[in-house]
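Undergrad: Got a structure for you, questions after.
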Amino acid sequence: MSNKPTVYIHTNDKQIVGAKVGTYSMRKASKHPDEFDVKLIRLEETAHLLKRQGMSYLRKGKKAIWHNEDLQSFSPLRKMVPQLMGFKGRALVVDPDVFAVGDVYDLLTRDMGGKAILCRNVSDGYKGNGHPFYASSVMLLDCTRLQHWRWDEDIDRMFNGELDYGPWIGLKHENPDIIEEIGEEWNSFDKLISETKLLHTTERLTQPWKTGLPIDFDQNVNTTPSSKNSGTQSPTAIFARFFRTFFNQKSSESVSTVRHYQAHPDQKQEKFFFELLRGAIDEGYIDMEMIQQRMVANDVRHDAIELLISMGFNG
């Protein structure tokens with residue numbers, strides 16, 4: 001096992017293109033690309049979770065059904081990283097829709113001040129419980145201090161109804177004394193500005209590589225038919241909220257019914273992604289066969305190759 005700090009990008013096949021582009025971005029943006037490793041964790045290669053298809057589990061106090069094909073079925077994989085590291089060394093875990101703008105080596109080598117976890121506190125966006133809620137989508141981990149993260153056991157407990165996915169993924173069970181906050185720049189939600197270090201295209205409805213495709217994520221967050229008033233939001237509500245956040249105004253009537261992925265309101269983020277995709281293809285991180293396969297599967301927008309050609313790509 002390598003002694004280098006490692007970036008883990010957890011993904012499923014539906015988001016594999018983003019994960020490959022993310023891998024390339026981590027190397028491209030760093031002045032020290034040989035000083036750390038980048039690895040993918042794929043749901044399809046993780047039997048202990050993959051075998052749960054159709055099984056019920058506990059999510060925010062309600063029964064839910066596990067679907068491997070859900071757009072974000074990779075999410076539980078983030079908490080298996082210390083186990084993969086043998087509970088040794090330092091690792092950064094990120095979602096497959098996170099792309100490096102700045103040098104991730106600066107975060108990997110940061111003084112953690114004796115803390116086990118560095119991540120962004122997003123409690124302001126979650127009401128009613130009074131407890132910190134952390135964005136575990138980007139976490140710097142000191143794996144030696146996380147030996148209680150027994151992933152296989154936690155997955156068993158979740159599907160036995162003993163462990164609630166919501167608090168588990170939001171780190172609510174962790175002692176807050178072992179967690180240190182990082183700045184927004186290291187997990188920047190759909191905000192590409194001069195301070196951004198890691199861009200997280202977290203609004204599923206506007207991810208730049210999916211524009212125009214039919215919406216395929218579970219609008220009810222996998223809740224069973226008997227679960228009502230789950231508090232989840234439809235794609236229309238998500239888009240309206242994002243429009244208000246990004247432009248500080250209400251969305252137009254034209255989005256009253258949203259059935260397809262929308263163009264990202266910030267065109268520079270679309271350009272940024274496709275420039276990375278072009279570089280990832282040129283450098284061999286991803287091939288055109290995979291792009292075409294994911295286009296057929298409706299995971300990548302059907303005009304992706306045309307967009308690449310318009311940017312000068314001739315591969």
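Within each chain, counting starts at residue 1; across the structure tokens, chains are named A, B, ... in the order shown, with ligands numbered 1 upward in that order.
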Can you list, as an MDAnalysis selection string, every protein, DNA or RNA residue that comes within 10 Å of region 73-89 of chain A when you count only C-alpha atoms, leaving out same-chain residues fewer than 6 positions away?

TA: chainID A and resid 1:15 41:44 46 49:50 66:67 95:96 136:139 141:152 154:155 165 168:169 171

Undergrad: Looking at only C-alpha atoms, which of A:Pro214, A:Gly312, A:Gly279, A:Gly18 is the one that sits closest to Val98 (chain A)?

TA: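 Checking each of A:Pro214, A:Gly312, A:Gly279, A:Gly18 against Val98 (chain A), counting only C-alpha atoms, the winner is A:Gly18.
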
Undergrad: Compare A:Ser30, A:His48, A:Ile309, A:Asp216 by their minimum atom-to-atom distance to Leu71 (chain A), counting only C-alpha atoms, and give me the closest one.

TA: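 Residue with the minimum atom-to-atom distance to Leu71 (chain A): A:Asp216.
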
Undergrad: What's the separation between CA of Leu40 (chain A) and CA of Ile286 (chain A), in Å to one decimal place?

TA: 13.1 Å

Undergrad: Neighbours of Tyr24 (chain A) within 9 Å (only C-alpha atoms; same-chain residues fewer than 2 positions away dropped), as a PyMOL selection string?

TA: chain A and resi 19-22+26-29+99-100+276-277+279-280+283+285

Undergrad: Pick the closest to Ile117 (chain A) from A:Met158, A:Leu92, A:Met295, A:Leu198: which is it, counting only C-alpha atoms?

TA: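 Between A:Met158, A:Leu92, A:Met295, A:Leu198, the residue approaching Ile117 (chain A) most closely is A:Leu92.
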
Undergrad: Taking only C-alpha atoms into account, name the residue in A:Leu192, A:Lys271, A:Met290, A:Asn68 that is nearest to Ala47 (chain A).

TA: A:Asn68

Undergrad: Counting only C-alpha atoms, which residue out of A:Gly166, A:Asn121, A:Arg204, A:Ile215 sits closest to Glu181 (chain A)?

TA: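 The closest residue to Glu181 (chain A) is A:Asn121.
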
Undergrad: Residues of region 63-213 of chain A in strand (DSSP E) according to DSSP, as JSON, numbers by chain?

TA: {"A": [63, 64, 65, 90, 91, 92, 93, 94, 98, 99, 100, 117, 118, 119, 120, 121, 134, 135, 136, 137, 138, 139, 140, 141, 142, 179, 180, 181, 188, 189, 198, 199, 200]}

Undergrad: As an exercise, work out the distance from CA of Glu275 (chain A) to CA of Met288 (chain A) in Å and give it to one decimal place.

TA: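 Rounded to one decimal, the two atoms are 14.9 Å apart.
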
Undergrad: Measuring between only C-alpha atoms, which one of A:Asp299, A:Glu45, A:Asp103, A:Asp70 shows the shortest distance to Pro33 (chain A)?

TA: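 Smallest distance to Pro33 (chain A) is found for A:Asp103.
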
Undergrad: Would you list the contacts of Ile305 (chain A) as a PyMOL selection string, taking every protein, DNA or RNA residue within 9 Å and counting only C-alpha atoms, but skipping same-chain residues closer than 4 positions in sequence?

TA: chain A and resi 288+291-292+301+309-310+313

Undergrad: Keeping all heavy atoms, export the residues of the selection given above as a PDB file, in the first residue's frame.

TA:
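Done, and the output landed in again.pdb:
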ATOM      1  N   MET A 288     -13.178   7.910 -25.960  1.00  0.00           N
ATOM      2  CA  MET A 288     -14.419   8.258 -26.642  1.00  0.00           C
ATOM      3  C   MET A 288     -15.443   7.127 -26.570  1.00  0.00           C
ATOM      4  O   MET A 288     -16.650   7.378 -26.580  1.00  0.00           O
ATOM      5  CB  MET A 288     -14.123   8.610 -28.100  1.00  0.00           C
ATOM      6  CG  MET A 288     -13.360   9.909 -28.268  1.00  0.00           C
ATOM      7  SD  MET A 288     -14.210  11.342 -27.522  1.00  0.00           S
ATOM      8  CE  MET A 288     -15.719  11.362 -28.476  1.00  0.00           C
ATOM      9  N   ILE A 291     -17.412   7.699 -23.489  1.00  0.00           N
ATOM     10  CA  ILE A 291     -18.304   8.839 -23.681  1.00  0.00           C
ATOM     11  C   ILE A 291     -19.538   8.413 -24.466  1.00  0.00           C
ATOM     12  O   ILE A 291     -20.683   8.718 -24.094  1.00  0.00           O
ATOM     13  CB  ILE A 291     -17.594   9.990 -24.430  1.00  0.00           C
ATOM     14  CG1 ILE A 291     -16.372  10.496 -23.643  1.00  0.00           C
ATOM     15  CG2 ILE A 291     -18.563  11.134 -24.717  1.00  0.00           C
ATOM     16  CD1 ILE A 291     -16.701  11.183 -22.364  1.00  0.00           C
ATOM     17  N   GLN A 292     -19.329   7.699 -25.550  1.00  0.00           N
ATOM     18  CA  GLN A 292     -20.440   7.262 -26.390  1.00  0.00           C
ATOM     19  C   GLN A 292     -21.354   6.287 -25.647  1.00  0.00           C
ATOM     20  O   GLN A 292     -22.577   6.354 -25.777  1.00  0.00           O
ATOM     21  CB  GLN A 292     -19.893   6.643 -27.674  1.00  0.00           C
ATOM     22  CG  GLN A 292     -19.227   7.668 -28.592  1.00  0.00           C
ATOM     23  CD  GLN A 292     -18.395   7.056 -29.697  1.00  0.00           C
ATOM     24  OE1 GLN A 292     -18.011   5.884 -29.626  1.00  0.00           O
ATOM     25  NE2 GLN A 292     -18.102   7.840 -30.723  1.00  0.00           N
ATOM     26  N   ARG A 301     -25.003  14.119 -21.961  1.00  0.00           N
ATOM     27  CA  ARG A 301     -25.827  14.821 -22.950  1.00  0.00           C
ATOM     28  C   ARG A 301     -25.457  14.409 -24.371  1.00  0.00           C
ATOM     29  O   ARG A 301     -24.282  14.145 -24.688  1.00  0.00           O
ATOM     30  CB  ARG A 301     -25.691  16.328 -22.773  1.00  0.00           C
ATOM     31  CG  ARG A 301     -24.282  16.839 -22.866  1.00  0.00           C
ATOM     32  CD  ARG A 301     -24.134  18.255 -22.349  1.00  0.00           C
ATOM     33  NE  ARG A 301     -24.751  19.249 -23.242  1.00  0.00           N
ATOM     34  CZ  ARG A 301     -24.798  20.549 -22.965  1.00  0.00           C
ATOM     35  NH1 ARG A 301     -24.278  21.020 -21.837  1.00  0.00           N
ATOM     36  NH2 ARG A 301     -25.354  21.385 -23.801  1.00  0.00           N
ATOM     37  N   ILE A 309     -16.109  19.277 -30.230  1.00  0.00           N
ATOM     38  CA  ILE A 309     -15.615  19.675 -31.573  1.00  0.00           C
ATOM     39  C   ILE A 309     -15.630  21.196 -31.698  1.00  0.00           C
ATOM     40  O   ILE A 309     -14.700  21.794 -32.264  1.00  0.00           O
ATOM     41  CB  ILE A 309     -16.460  19.012 -32.674  1.00  0.00           C
ATOM     42  CG1 ILE A 309     -16.202  17.490 -32.675  1.00  0.00           C
ATOM     43  CG2 ILE A 309     -16.136  19.604 -34.042  1.00  0.00           C
ATOM     44  CD1 ILE A 309     -17.110  16.712 -33.597  1.00  0.00           C
ATOM     45  N   SER A 310     -16.675  21.828 -31.158  1.00  0.00           N
ATOM     46  CA  SER A 310     -16.756  23.297 -31.249  1.00  0.00           C
ATOM     47  C   SER A 310     -15.624  23.967 -30.474  1.00  0.00           C
ATOM     48  O   SER A 310     -15.303  25.128 -30.737  1.00  0.00           O
ATOM     49  CB  SER A 310     -18.110  23.768 -30.718  1.00  0.00           C
ATOM     50  OG  SER A 310     -18.186  23.641 -29.306  1.00  0.00           O
ATOM     51  N   PHE A 313     -11.699  20.178 -30.458  1.00  0.00           N
ATOM     52  CA  PHE A 313     -11.319  18.779 -30.305  1.00  0.00           C
ATOM     53  C   PHE A 313     -11.513  18.059 -31.618  1.00  0.00           C
ATOM     54  O   PHE A 313     -12.560  18.179 -32.263  1.00  0.00           O
ATOM     55  CB  PHE A 313     -12.173  18.114 -29.217  1.00  0.00           C
ATOM     56  CG  PHE A 313     -11.917  16.643 -29.039  1.00  0.00           C
ATOM     57  CD1 PHE A 313     -10.776  16.206 -28.398  1.00  0.00           C
ATOM     58  CD2 PHE A 313     -12.806  15.696 -29.523  1.00  0.00           C
ATOM     59  CE1 PHE A 313     -10.534  14.853 -28.220  1.00  0.00           C
ATOM     60  CE2 PHE A 313     -12.579  14.346 -29.358  1.00  0.00           C
ATOM     61  CZ  PHE A 313     -11.433  13.925 -28.703  1.00  0.00           C
TER      62      PHE A 313
END

Undergrad: Give the helix (DSSP H, G or I) residues of region 9-166 of chain A, as assigned by DSSP on the backbone, as number ranges by chain.

TA: A: 13-28, 33-35, 43-45, 47-50, 75-84, 104-108, 123-125, 143-145, 151-159, 165-166
